[in-house]
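For reference, upload18.cif (mmCIF, C-alpha atoms and all ligand atoms):
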```
data_coords
#
loop_
_atom_site.label_atom_id
_atom_site.label_comp_id
_atom_site.auth_asym_id
_atom_site.auth_seq_id
_atom_site.Cartn_x
_atom_site.Cartn_y
_atom_site.Cartn_z
CA MET Z 24 -34.15 -54.90 39.85
CA ASN Z 25 -32.25 -52.23 41.74
CA ARG Z 26 -31.84 -52.22 45.50
CA ARG Z 27 -34.07 -49.22 46.22
CA ARG Z 28 -37.01 -50.59 44.15
CA SER Z 29 -36.81 -54.00 45.80
CA LEU Z 30 -36.76 -52.25 49.22
CA SER Z 31 -39.90 -50.28 48.32
CA LEU Z 32 -41.75 -53.37 47.15
CA ALA Z 33 -40.74 -55.22 50.28
CA LEU Z 34 -42.03 -52.40 52.54
CA GLY Z 35 -45.33 -52.39 50.54
CA SER Z 36 -45.93 -56.07 51.10
CA LEU Z 37 -45.10 -55.60 54.79
CA ALA Z 38 -47.82 -52.86 55.05
CA LEU Z 39 -50.38 -55.07 53.42
CA ALA Z 40 -49.42 -57.86 55.69
CA THR Z 41 -49.73 -55.73 58.81
CA GLY Z 42 -52.89 -53.85 57.63
CA CYS Z 43 -51.09 -50.53 57.89
CA ARG Z 44 -51.58 -47.75 55.31
CA ARG Z 45 -48.77 -47.63 52.83
CA LYS Z 46 -47.37 -44.36 54.15
CA GLU Z 47 -43.92 -45.91 54.73
CA GLU Z 48 -43.59 -46.23 50.99
CA VAL Z 49 -43.89 -42.41 50.66
CA ALA Z 50 -40.96 -41.96 53.01
CA VAL Z 51 -38.67 -43.86 50.74
CA ALA Z 52 -36.19 -41.72 48.84
CA PRO Z 53 -37.13 -41.39 45.13
CA ALA Z 54 -34.73 -42.69 42.56
CA GLU Z 55 -31.98 -40.10 41.98
CA PRO Z 56 -31.66 -38.87 38.37
CA THR Z 57 -28.29 -39.56 36.79
CA PRO Z 58 -26.31 -36.33 37.36
CA ALA Z 59 -25.69 -34.26 34.19
CA PRO Z 60 -21.98 -34.07 33.29
CA PRO Z 61 -20.42 -30.80 34.56
CA PRO Z 62 -20.10 -28.11 31.83
CA ALA Z 63 -16.67 -28.08 30.18
CA PRO Z 64 -14.53 -25.42 31.89
CA VAL Z 65 -14.17 -22.21 29.86
CA LYS Z 66 -10.55 -22.10 28.70
CA PRO Z 67 -8.84 -18.73 29.13
CA LEU Z 68 -8.33 -16.98 25.79
CA GLU Z 69 -5.15 -15.12 24.88
CA GLY Z 70 -5.80 -11.38 24.84
CA ALA Z 71 -8.77 -11.47 27.23
CA ASP Z 72 -6.76 -9.29 29.62
CA LEU Z 73 -6.15 -6.61 26.96
CA VAL Z 74 -8.26 -3.48 26.64
CA PRO Z 75 -9.67 -3.21 23.09
CA ALA Z 76 -8.79 0.15 21.51
CA LYS Z 77 -11.71 2.52 20.94
CA ILE Z 78 -11.64 3.47 17.29
CA ASP Z 79 -13.77 6.31 16.07
CA ALA Z 80 -13.13 9.05 13.52
CA SER Z 81 -14.26 11.63 16.10
CA LEU Z 82 -11.18 10.76 18.23
CA GLU Z 83 -8.68 11.66 15.48
CA ILE Z 84 -6.07 14.24 16.54
CA ARG Z 85 -3.83 14.28 13.45
CA THR Z 86 -2.91 12.46 10.23
CA ILE Z 87 0.65 12.61 8.89
CA THR Z 88 2.70 11.18 6.04
CA GLY Z 89 6.35 10.34 5.51
CA LEU Z 90 8.65 8.76 2.94
CA ARG Z 91 10.61 5.64 3.91
CA PRO Z 92 14.06 5.73 2.24
CA PHE Z 93 13.97 2.29 0.64
CA ARG Z 94 16.51 0.33 -1.41
CA PRO Z 95 15.37 -3.09 -2.70
CA SER Z 96 18.85 -4.55 -2.13
CA GLY Z 97 19.10 -3.04 1.36
CA TYR Z 98 20.71 -0.10 3.12
CA VAL Z 99 24.20 1.25 2.42
CA VAL Z 100 26.94 1.39 5.04
CA ARG Z 101 30.14 1.84 3.09
CA ARG Z 102 33.35 3.87 3.15
CA GLU Z 103 34.96 5.54 0.16
CA GLU Z 104 37.79 8.01 -0.37
CA ARG Z 105 36.83 11.03 -2.50
CA GLU Z 106 38.79 14.15 -3.27
CA GLY Z 107 41.19 13.47 -0.43
CA LYS Z 108 38.38 13.01 2.12
CA THR Z 109 36.95 9.98 3.85
CA LEU Z 110 33.25 9.58 3.18
CA VAL Z 111 31.20 7.01 5.11
CA HIS Z 112 27.66 6.36 3.88
CA ASN Z 113 24.87 5.28 6.21
CA TYR Z 114 21.50 5.63 4.47
CA GLY Z 115 18.56 3.81 2.86
CA HIS Z 116 17.03 1.96 5.83
CA GLY Z 117 13.47 1.78 4.49
CA GLY Z 118 10.82 1.04 7.12
CA GLY Z 119 13.35 -0.04 9.75
CA GLY Z 120 15.61 2.94 10.34
CA ILE Z 121 14.68 3.52 13.97
CA THR Z 122 15.08 -0.21 14.65
CA LEU Z 123 18.49 -0.53 12.98
CA SER Z 124 19.92 2.86 13.96
CA TRP Z 125 22.46 1.91 16.65
CA GLY Z 126 23.50 -1.21 14.76
CA CYS Z 127 24.18 0.74 11.55
CA ALA Z 128 25.93 3.54 13.46
CA ASP Z 129 28.24 0.88 14.90
CA GLN Z 130 28.86 -0.57 11.43
CA ALA Z 131 29.62 2.91 10.08
CA MET Z 132 32.23 3.41 12.87
CA ARG Z 133 33.79 0.06 12.06
CA THR Z 134 34.54 1.07 8.47
CA MET Z 135 37.32 3.13 10.15
CA GLU Z 136 40.26 1.76 12.11
CA SER Z 137 39.52 4.20 14.90
CA VAL Z 138 37.57 7.44 15.18
CA SER Z 139 39.10 8.52 18.47
CA GLY Z 140 40.50 12.04 18.26
CA LEU Z 141 39.02 12.75 14.80
CA SER Z 142 36.91 15.81 13.92
CA CYS Z 143 33.97 14.44 11.96
CA ALA Z 144 31.10 15.95 10.00
CA VAL Z 145 27.73 14.20 10.06
CA ILE Z 146 25.35 15.22 7.28
CA GLY Z 147 21.73 14.72 8.36
CA GLY Z 148 19.84 15.15 11.61
CA GLY Z 149 17.39 12.21 11.50
CA VAL Z 150 17.79 9.07 13.57
CA MET Z 151 20.78 7.89 11.51
CA GLY Z 152 22.63 11.20 11.76
CA LEU Z 153 21.97 11.53 15.49
CA THR Z 154 22.91 7.95 16.44
CA THR Z 155 26.01 8.15 14.24
CA ALA Z 156 26.99 11.45 15.86
CA ARG Z 157 26.41 10.10 19.38
CA MET Z 158 28.34 6.91 18.65
CA LEU Z 159 31.26 8.97 17.30
CA GLN Z 160 31.29 10.99 20.51
CA LEU Z 161 31.15 7.86 22.66
CA ARG Z 162 34.18 6.56 20.74
CA GLY Z 163 36.19 9.70 21.26
CA ALA Z 164 35.50 11.84 18.16
CA LYS Z 165 34.47 15.50 17.91
CA VAL Z 166 31.29 16.01 15.89
CA LYS Z 167 29.57 18.68 13.87
CA ILE Z 168 26.16 17.98 12.34
CA TYR Z 169 25.18 19.73 9.11
CA THR Z 170 21.52 19.34 8.21
CA ASP Z 171 18.62 21.20 6.71
CA HIS Z 172 16.16 19.74 9.27
CA LEU Z 173 16.30 18.55 12.85
CA PRO Z 174 13.69 16.77 15.00
CA PRO Z 175 10.76 17.23 15.10
CA ASP Z 176 10.90 17.95 11.35
CA THR Z 177 12.50 14.76 10.02
CA THR Z 178 11.11 11.54 8.51
CA SER Z 179 12.40 9.80 11.62
CA ASN Z 180 9.80 11.71 13.64
CA VAL Z 181 7.06 10.22 11.44
CA ALA Z 182 8.10 6.62 12.21
CA GLY Z 183 5.78 4.36 14.17
CA GLY Z 184 8.67 3.32 16.40
CA HIS Z 185 8.03 -0.42 16.48
CA TRP Z 186 11.32 -2.29 17.02
CA TRP Z 187 11.35 -4.89 14.28
CA PRO Z 188 13.46 -4.61 11.09
CA VAL Z 189 10.81 -4.98 8.37
CA SER Z 190 10.38 -3.31 4.97
CA VAL Z 191 14.14 -2.84 4.79
CA PHE Z 192 14.86 -4.83 1.57
CA ASP Z 193 13.18 -7.09 -1.01
CA SER Z 194 13.80 -10.78 -0.31
CA SER Z 195 14.54 -11.43 -3.99
CA LYS Z 196 17.39 -8.86 -3.86
CA ARG Z 197 18.98 -9.97 -0.57
CA THR Z 198 22.60 -11.07 -1.02
CA PRO Z 199 24.37 -13.28 1.57
CA GLU Z 200 26.72 -10.33 2.36
CA PHE Z 201 23.82 -7.98 3.02
CA ALA Z 202 21.99 -10.64 5.04
CA ALA Z 203 24.97 -11.03 7.38
CA GLN Z 204 25.33 -7.25 7.75
CA PHE Z 205 21.60 -6.86 8.41
CA VAL Z 206 21.44 -9.58 11.07
CA GLU Z 207 24.50 -8.15 12.82
CA ALA Z 208 23.04 -4.62 12.85
CA SER Z 209 19.67 -5.88 14.10
CA ARG Z 210 21.23 -7.79 16.97
CA PHE Z 211 23.47 -4.90 17.99
CA ALA Z 212 20.54 -2.47 17.96
CA TYR Z 213 18.30 -4.89 19.86
CA ARG Z 214 20.81 -5.04 22.71
CA TYR Z 215 21.54 -1.34 22.62
CA PHE Z 216 17.89 -0.28 22.83
CA GLN Z 217 17.35 -2.47 25.88
CA ARG Z 218 19.67 -0.15 27.83
CA LEU Z 219 17.46 2.80 26.91
CA VAL Z 220 14.21 1.43 28.32
CA GLY Z 221 12.47 4.03 30.48
CA PRO Z 222 10.72 7.39 30.31
CA ARG Z 223 13.86 9.44 29.55
CA TRP Z 224 14.21 7.81 26.13
CA GLY Z 225 10.54 6.91 25.61
CA VAL Z 226 11.36 3.23 25.09
CA ARG Z 227 9.30 0.38 26.58
CA TRP Z 228 8.51 -3.32 26.16
CA VAL Z 229 5.10 -4.22 24.71
CA PRO Z 230 3.48 -7.39 23.40
CA SER Z 231 2.83 -7.38 19.66
CA TYR Z 232 0.10 -9.50 18.09
CA TYR Z 233 0.22 -10.44 14.41
CA LEU Z 234 -3.14 -11.70 13.12
CA SER Z 235 -3.65 -13.87 10.06
CA ASP Z 236 -6.27 -16.16 8.57
CA GLY Z 237 -3.73 -18.68 7.32
CA ALA Z 238 -1.21 -20.30 9.66
CA PRO Z 239 1.50 -17.68 10.39
CA ASP Z 240 4.46 -17.68 8.04
CA ASN Z 241 7.86 -18.75 9.32
CA GLY Z 242 10.07 -16.84 6.92
CA TRP Z 243 13.78 -16.17 6.74
CA MET Z 244 13.70 -13.76 9.65
CA ALA Z 245 10.80 -14.53 12.01
CA GLY Z 246 9.32 -17.59 13.63
CA PRO Z 247 11.04 -20.85 14.63
CA GLY Z 248 14.23 -21.25 12.61
CA GLY Z 249 14.27 -17.57 11.56
CA VAL Z 250 17.57 -15.67 11.82
CA LEU Z 251 16.07 -13.18 14.30
CA HIS Z 252 13.72 -15.58 16.09
CA ASP Z 253 15.75 -15.30 19.30
CA THR Z 254 14.79 -11.61 19.49
CA GLN Z 255 11.08 -12.57 19.51
CA VAL Z 256 10.85 -12.91 23.27
CA GLY Z 257 7.69 -14.54 24.68
CA PHE Z 258 6.90 -15.95 21.22
CA LYS Z 259 3.76 -18.06 20.89
CA ASP Z 260 1.25 -18.89 18.15
CA PHE Z 261 -2.45 -19.18 19.03
CA GLY Z 262 -4.81 -21.12 16.79
CA PRO Z 263 -8.55 -20.82 16.11
CA GLY Z 264 -10.57 -20.55 19.33
CA GLU Z 265 -7.51 -19.80 21.46
CA HIS Z 266 -7.60 -15.99 21.41
CA VAL Z 267 -10.00 -13.03 21.32
CA PHE Z 268 -8.82 -11.51 18.02
CA PRO Z 269 -10.88 -11.43 14.81
CA ALA Z 270 -8.67 -13.75 12.76
CA GLN Z 271 -7.95 -17.46 12.72
CA TYR Z 272 -4.41 -17.14 14.07
CA ALA Z 273 -2.61 -14.77 16.41
CA ARG Z 274 1.17 -14.70 16.79
CA ARG Z 275 2.52 -12.97 19.89
CA PHE Z 276 5.96 -11.76 20.82
CA HIS Z 277 7.25 -8.92 22.93
CA THR Z 278 9.31 -6.14 21.48
CA LEU Z 279 10.31 -2.54 22.10
CA LEU Z 280 8.20 0.48 21.28
CA ILE Z 281 10.17 3.67 20.74
CA GLU Z 282 8.34 7.00 20.96
CA PRO Z 283 10.12 9.04 18.27
CA SER Z 284 9.23 12.48 19.66
CA ILE Z 285 10.80 11.70 23.08
CA TYR Z 286 13.59 9.53 21.75
CA LEU Z 287 14.93 11.88 19.06
CA GLU Z 288 14.71 14.90 21.34
CA THR Z 289 16.74 13.12 24.04
CA LEU Z 290 19.27 11.96 21.46
CA LEU Z 291 19.66 15.47 20.08
CA ARG Z 292 20.13 16.93 23.59
CA ASP Z 293 22.74 14.29 24.44
CA VAL Z 294 24.71 15.05 21.26
CA GLN Z 295 24.63 18.77 22.06
CA GLY Z 296 25.35 18.14 25.74
CA ALA Z 297 28.54 16.31 24.76
CA GLY Z 298 29.73 19.28 22.71
CA GLY Z 299 28.23 18.40 19.32
CA GLU Z 300 27.83 21.46 17.10
CA ILE Z 301 24.96 21.95 14.68
CA GLU Z 302 24.75 23.98 11.49
CA ILE Z 303 21.45 24.24 9.65
CA ARG Z 304 22.34 24.04 6.01
CA ARG Z 305 21.05 22.46 2.81
CA PHE Z 306 23.53 20.89 0.37
CA ALA Z 307 22.83 20.83 -3.35
CA SER Z 308 25.48 18.25 -4.29
CA ALA Z 309 28.08 15.79 -3.07
CA GLU Z 310 30.79 18.24 -4.17
CA GLU Z 311 29.36 20.84 -1.81
CA ILE Z 312 29.35 18.32 1.04
CA LEU Z 313 33.00 17.46 0.39
CA LYS Z 314 33.92 21.13 0.96
CA VAL Z 315 33.07 21.08 4.70
CA PRO Z 316 36.26 21.59 6.76
CA GLU Z 317 36.15 18.14 8.44
CA GLN Z 318 38.29 15.42 6.91
CA THR Z 319 35.93 12.56 7.78
CA ILE Z 320 32.30 12.88 6.67
CA PHE Z 321 29.35 10.61 7.50
CA ASN Z 322 26.52 10.77 4.98
CA CYS Z 323 23.23 10.16 6.84
CA THR Z 324 20.90 12.01 4.49
CA GLY Z 325 18.19 9.33 4.15
CA LEU Z 326 16.22 9.83 0.95
CA GLY Z 327 18.35 12.93 0.25
CA ALA Z 328 21.19 10.60 -0.81
CA ARG Z 329 19.33 9.81 -4.04
CA GLU Z 330 20.02 13.27 -5.48
CA LEU Z 331 23.22 14.02 -3.61
CA PHE Z 332 25.00 10.75 -4.43
CA LYS Z 333 23.05 9.76 -7.55
CA ASP Z 334 21.75 6.54 -6.02
CA GLU Z 335 18.80 5.72 -8.28
CA GLU Z 336 17.99 2.51 -6.43
CA LEU Z 337 16.90 4.63 -3.46
CA ILE Z 338 13.14 5.25 -3.70
CA PRO Z 339 10.42 6.59 -1.42
CA VAL Z 340 7.80 4.33 0.14
CA LYS Z 341 5.08 6.64 1.33
CA GLY Z 342 3.30 5.91 4.60
CA GLN Z 343 0.29 7.62 6.13
CA LEU Z 344 -0.54 7.41 9.82
CA SER Z 345 -3.64 8.61 11.66
CA PHE Z 346 -3.49 9.31 15.38
CA LEU Z 347 -6.42 9.11 17.76
CA LYS Z 348 -6.46 10.63 21.25
CA PRO Z 349 -4.00 8.66 23.45
CA GLN Z 350 -5.42 5.54 25.15
CA THR Z 351 -2.77 4.61 27.70
CA GLU Z 352 -4.87 1.68 28.97
CA VAL Z 353 -4.21 -0.01 25.60
CA ASN Z 354 -0.80 -1.56 26.14
CA TYR Z 355 0.01 -3.72 23.13
CA ASN Z 356 0.57 -3.48 19.38
CA LEU Z 357 -1.69 -5.18 16.86
CA LEU Z 358 -0.88 -5.91 13.22
CA LEU Z 359 -3.21 -7.41 10.62
CA GLY Z 360 -2.16 -7.31 6.97
CA SER Z 361 -1.20 -3.74 6.19
CA TYR Z 362 -3.13 -2.40 9.21
CA TYR Z 363 -1.26 -1.75 12.41
CA MET Z 364 -1.98 -0.11 15.76
CA PHE Z 365 0.71 1.10 18.16
CA SER Z 366 -0.42 2.65 21.41
CA ARG Z 367 1.92 5.60 22.03
CA GLY Z 368 1.87 8.34 24.63
CA ASP Z 369 1.36 10.98 21.95
CA GLY Z 370 -1.58 9.16 20.37
CA LEU Z 371 -3.05 5.84 19.34
CA LEU Z 372 -1.31 5.32 16.01
CA LEU Z 373 -3.21 3.70 13.14
CA GLY Z 374 -1.32 2.65 10.00
CA GLY Z 375 -0.64 1.79 7.49
CA THR Z 376 0.14 2.30 3.90
CA PHE Z 377 3.22 1.40 1.80
CA ASP Z 378 3.10 3.27 -1.51
CA ARG Z 379 6.28 2.56 -3.42
CA GLY Z 380 7.62 5.33 -5.66
CA GLN Z 381 5.13 7.89 -4.30
CA TRP Z 382 6.80 11.28 -3.58
CA ASP Z 383 3.67 13.32 -2.86
CA LEU Z 384 3.34 14.01 0.87
CA THR Z 385 -0.30 15.13 0.75
CA THR Z 386 -2.55 13.26 3.18
CA ASP Z 387 -5.30 11.25 1.53
CA ASP Z 388 -8.74 11.44 3.20
CA ALA Z 389 -10.03 8.29 1.52
CA VAL Z 390 -7.04 6.33 2.88
CA LYS Z 391 -7.61 7.82 6.31
CA ARG Z 392 -11.25 6.70 6.32
CA ARG Z 393 -10.32 3.23 5.12
CA VAL Z 394 -7.66 2.80 7.81
CA ILE Z 395 -9.87 4.09 10.64
CA GLU Z 396 -12.95 2.10 9.55
CA GLY Z 397 -10.89 -1.06 8.95
CA GLN Z 398 -9.36 -0.88 12.40
CA LYS Z 399 -12.71 -0.08 13.98
CA ARG Z 400 -14.04 -3.38 12.62
CA ILE Z 401 -11.05 -5.24 14.06
CA PHE Z 402 -11.31 -3.76 17.55
CA ASP Z 403 -15.13 -3.90 17.73
CA ALA Z 404 -14.97 -7.62 16.90
CA MET Z 405 -12.23 -8.14 19.47
CA ALA Z 406 -14.30 -6.31 22.12
CA LYS Z 407 -17.35 -8.49 21.39
CA THR Z 408 -15.46 -11.81 21.66
CA ARG Z 409 -13.67 -10.63 24.78
CA HIS Z 410 -16.94 -9.51 26.41
CA GLU Z 411 -18.65 -12.87 25.68
CA HIS Z 412 -15.63 -14.73 26.95
CA LEU Z 413 -15.43 -12.76 30.20
CA ALA Z 414 -19.20 -13.28 30.73
CA ALA Z 415 -18.78 -17.05 30.26
CA LEU Z 416 -15.87 -17.06 32.72
CA ALA Z 417 -17.88 -15.07 35.27
CA LYS Z 418 -20.84 -17.48 34.94
CA GLN Z 419 -18.53 -20.43 35.51
CA HIS Z 420 -17.24 -18.91 38.74
CA THR Z 421 -20.61 -17.71 40.11
CA PRO Z 422 -21.65 -19.97 43.08
CA ILE Z 423 -25.11 -21.60 42.44
C1 LIG Z 501 5.01 6.03 8.05
C2 LIG Z 501 6.33 5.51 8.51
C3 LIG Z 501 6.39 4.57 9.53
C4 LIG Z 501 7.62 4.07 9.96
N1 LIG Z 501 7.64 3.19 11.01
C5 LIG Z 501 8.82 2.70 11.45
C6 LIG Z 501 8.87 1.82 12.55
O1 LIG Z 501 7.84 1.49 13.16
N2 LIG Z 501 10.08 1.34 12.94
C7 LIG Z 501 11.24 1.69 12.31
O2 LIG Z 501 12.30 1.22 12.71
N3 LIG Z 501 11.23 2.57 11.27
C8 LIG Z 501 10.06 3.05 10.82
N4 LIG Z 501 10.03 3.92 9.75
C9 LIG Z 501 11.27 4.16 8.99
C10 LIG Z 501 12.13 5.26 9.55
O3 LIG Z 501 11.38 6.41 9.78
C11 LIG Z 501 13.28 5.57 8.57
O4 LIG Z 501 13.94 4.40 8.21
C12 LIG Z 501 14.26 6.51 9.25
O5 LIG Z 501 13.61 7.67 9.67
C13 LIG Z 501 15.42 6.90 8.33
O6 LIG Z 501 16.25 7.75 9.07
P1 LIG Z 501 17.28 8.75 8.39
O7 LIG Z 501 17.96 9.46 9.47
O8 LIG Z 501 18.07 8.00 7.39
O9 LIG Z 501 16.34 9.72 7.53
P2 LIG Z 501 15.65 11.12 7.91
O10 LIG Z 501 14.93 11.05 9.18
O11 LIG Z 501 14.89 11.50 6.69
O12 LIG Z 501 16.87 12.09 8.09
C14 LIG Z 501 17.60 12.56 6.99
C15 LIG Z 501 18.29 13.85 7.39
O13 LIG Z 501 19.10 14.29 6.34
C16 LIG Z 501 18.84 15.65 6.07
N5 LIG Z 501 19.08 15.92 4.65
C17 LIG Z 501 18.61 15.24 3.59
N6 LIG Z 501 19.01 15.81 2.44
C18 LIG Z 501 19.78 16.87 2.80
C19 LIG Z 501 20.47 17.87 2.06
N7 LIG Z 501 20.45 17.90 0.74
N8 LIG Z 501 21.16 18.83 2.74
C20 LIG Z 501 21.16 18.83 4.09
N9 LIG Z 501 20.52 17.92 4.84
C21 LIG Z 501 19.83 16.95 4.20
C22 LIG Z 501 17.38 15.82 6.47
O14 LIG Z 501 17.07 17.16 6.75
C23 LIG Z 501 17.31 14.96 7.71
O15 LIG Z 501 17.74 15.67 8.82
C24 LIG Z 501 8.81 4.48 9.33
C25 LIG Z 501 8.77 5.47 8.33
C26 LIG Z 501 7.55 5.97 7.93
C27 LIG Z 501 7.52 7.02 6.86
#
```
Before we go any further, please render this structure as structure tokens.
Amino acid sequence: MNRRRSLSLALGSLALATGCRRKEEVAVAPAEPTPAPPPAPVKPLEGADLVPAKIDASLEIRTITGLRPFRPSGYVVRREEREGKTLVHNYGHGGGGITLSWGCADQAMRTMESVSGLSCAVIGGGVMGLTTARMLQLRGAKVKIYTDHLPPDTTSNVAGGHWWPVSVFDSSKRTPEFAAQFVEASRFAYRYFQRLVGPRWGVRWVPSYYLSDGAPDNGWMAGPGGVLHDTQVGFKDFGPGEHVFPAQYARRFHTLLIEPSIYLETLLRDVQGAGGEIEIRRFASAEEILKVPEQTIFNCTGLGARELFKDEELIPVKGQLSFLKPQTEVNYNLLLGSYYMFSRGDGLLLGGTFDRGQWDLTTDDAVKRRVIEGQKRIFDAMAKTRHEHLAALAKQHTPI
């Protein structure tokens, strides 16, 4: 018998004994119910602090296409002597040309003993031509750029601008020599871009989230043990139930986002500001290029090198990007399979497609619809999970 019940019975017999009514028994505290266990605290979910992008076809401001200059065995940075001239190639960077640019410009310089005091020609005015030209100037050379197009009319202006060297080579074709060259260029560029962070260059740090339904892959390059893992700052994997995204797994790391329209314009102005000359001109052949007056020539013609230098391994990989009205409150990148979203100042960029061997630059409406609708599903689902999570958190913190 418990103590309270025995006390009640005792008081009852006392009342009977004294002839009093049993009102004392009423005054006795009732047995307390066993308290229910407190609800499990709602664990904070990764991404709950992020604003889901608003995806709707009515917000589209433009759709563009571009051709990535891709070589399955990787880009070419190489020096050769031809017809009494020095020719340094720097082309074929696939889907990672913005990322690798400073690293490959540095490698192109290092094919020479020194460039100081030389008068050099740079053929091409995309990101490779401009970074090569600027690097030559910084190392004491005089530069003239020959190109048929300048920003904003280059493939480099079409790039998403995500700093991460992907779609640059096929793993099955990667030689140890290329691997070493690639890792060196990536590291150099990673450091170099960090000095350019700020509005003047349109470069900033953002978290990137990679979603997947299977556990994220730790390949040759990314993830623990990967050759570029140390550049994945703030790296963390989140499992099922640990994040607000519509996939089983979410991998996060922080990287740089480069806004090509600001970045290339600043680069071009800096080259010109340091005395770089520009001639708008289209070359029909390598022989024509070799006739420019400069003794040292840097070939940064991107996909143009296929015809000019008869490099048949160089092929286009077409990409189509749709932009919605800018949403500056969305401050992260999200990648799921072939879909990706980068939130840029000039628009919320939705990719992506990778059509190998496709030369036709026409935009495809069916692809556009698929990309926009696919991403709408992703962000609507994210918004729903986030909303439910924030409501559960609020309930937990509401005083009763
Ligand atoms: C959809 C898409 C998304 C991308 N996203 C990213 C990304 O997020 N991150 C990233 O790092 N990279 C990205 N890229 C890849 C990047 O855009 C390329 O790797 C990069 O632009 C290649 O630079 P480039 O200077 O070699 O080529 P280009 O920008 O094409 O420049 C070549 C220059 O050579 C000139 N030229 C060519 N032929 C001749 C000729 N016969 N005579 C005279 N001049 C000539 C052209 O006019 C041009 O000025 C993306 C590309 C695309 C298409």
Inset, instruction - Throw together the list of residues within 7 Å of ligand LIG 501 (chain Z), counting all atoms listed in the file, and drop it here as JSON, numbers by chain. - result: {"Z": [88, 89, 90, 91, 92, 114, 115, 116, 117, 118, 119, 120, 121, 122, 123, 146, 147, 148, 149, 150, 151, 152, 169, 170, 171, 172, 173, 177, 178, 179, 180, 181, 182, 183, 184, 185, 186, 187, 188, 304, 305, 306, 307, 323, 324, 325, 326, 327, 328, 331, 341, 342, 343, 344]}
Legend entry - Contact residues around Phe402 of chain Z with all atoms listed in the file at 9 Å, ignoring same-chain residues under 3 positions, as number ranges by chain: Z: 75-78, 268-269, 398-399, 405-407
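Distance check against Leu337 of chain Z using only C-alpha atoms: of Z:Gly242, Z:Pro230, Z:Gly375, Z:Pro95, the minimum falls on Z:Pro95.
Within 9 Å of the point (-0.5, -1.0, 18.6), and counting all atoms listed in the file, the protein, DNA and RNA residues are Ala76, His185, Val229, Pro230, Ser231, Tyr232, Val353, Asn354, Tyr355, Asn356, Leu357, Leu358, Tyr363, Met364, Phe365, Ser366, Arg367, Leu371, Leu372 and Leu373 of chain Z.
Atom CA of Ser124 of chain Z is found 25.9 Å from atom CA of Pro316 of chain Z.
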Inset, instruction - Determine the nearest neighbour of Leu313 of chain Z from the options Z:Lys108, Z:Arg210, Z:Lys418, Z:Arg197, counting all atoms listed in the file. - result: Z:Lys108
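Residue neighbourhood of Lys259 of chain Z, excluding near-sequence residues (fewer than 5 positions): Z:Glu69, Z:Pro230, Z:Ser231, Z:Tyr232, Z:Tyr233, Z:Pro239, Z:Ala245, Z:Gly246, Z:Pro247, Z:His252, Z:Glu265, Z:His266, Z:Tyr272, Z:Ala273, Z:Arg274, Z:Arg275, Z:Phe276, Z:His277, at 12 Å, using only C-alpha atoms.
Coordinates place atom CA of Pro175 of chain Z at a distance of 6.8 Å from atom CA of Ser284 of chain Z.
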Inset, instruction - Just the residues within 12 Å of Glu136 of chain Z, please, counting only C-alpha atoms, with nothing from its chain fewer than 6 positions along; format it as a PyMOL selection string. - result: chain Z and resi 102+130+162
Where atoms are absent from segment 332-341 of chain Z, fill them in so it carries N, CA and C atoms, then output it as a compact mmCIF listing (two decimals), in the coordinates of the input.
```txt
# COMPACT_ATOMS: atom_id res chain seq x y z
N PHE Z 332 23.99 11.75 -4.05
CA PHE Z 332 25.00 10.75 -4.43
C PHE Z 332 24.55 9.89 -5.61
N LYS Z 333 23.53 10.40 -6.31
CA LYS Z 333 23.05 9.76 -7.55
C LYS Z 333 22.78 8.26 -7.36
N ASP Z 334 22.11 7.93 -6.28
CA ASP Z 334 21.75 6.54 -6.02
C ASP Z 334 20.30 6.33 -6.47
N GLU Z 335 20.15 5.85 -7.70
CA GLU Z 335 18.80 5.72 -8.28
C GLU Z 335 18.03 4.54 -7.71
N GLU Z 336 18.72 3.64 -7.02
CA GLU Z 336 17.99 2.51 -6.43
C GLU Z 336 17.17 2.98 -5.22
N LEU Z 337 17.57 4.11 -4.66
CA LEU Z 337 16.90 4.63 -3.46
C LEU Z 337 15.57 5.28 -3.86
N ILE Z 338 14.47 4.74 -3.32
CA ILE Z 338 13.14 5.25 -3.70
C ILE Z 338 12.31 5.51 -2.44
N PRO Z 339 11.30 6.36 -2.58
CA PRO Z 339 10.42 6.59 -1.42
C PRO Z 339 9.34 5.51 -1.32
N VAL Z 340 8.99 5.15 -0.10
CA VAL Z 340 7.80 4.33 0.14
C VAL Z 340 6.94 5.15 1.10
N LYS Z 341 5.89 5.71 0.53
CA LYS Z 341 5.08 6.64 1.33
C LYS Z 341 4.23 5.89 2.37
```
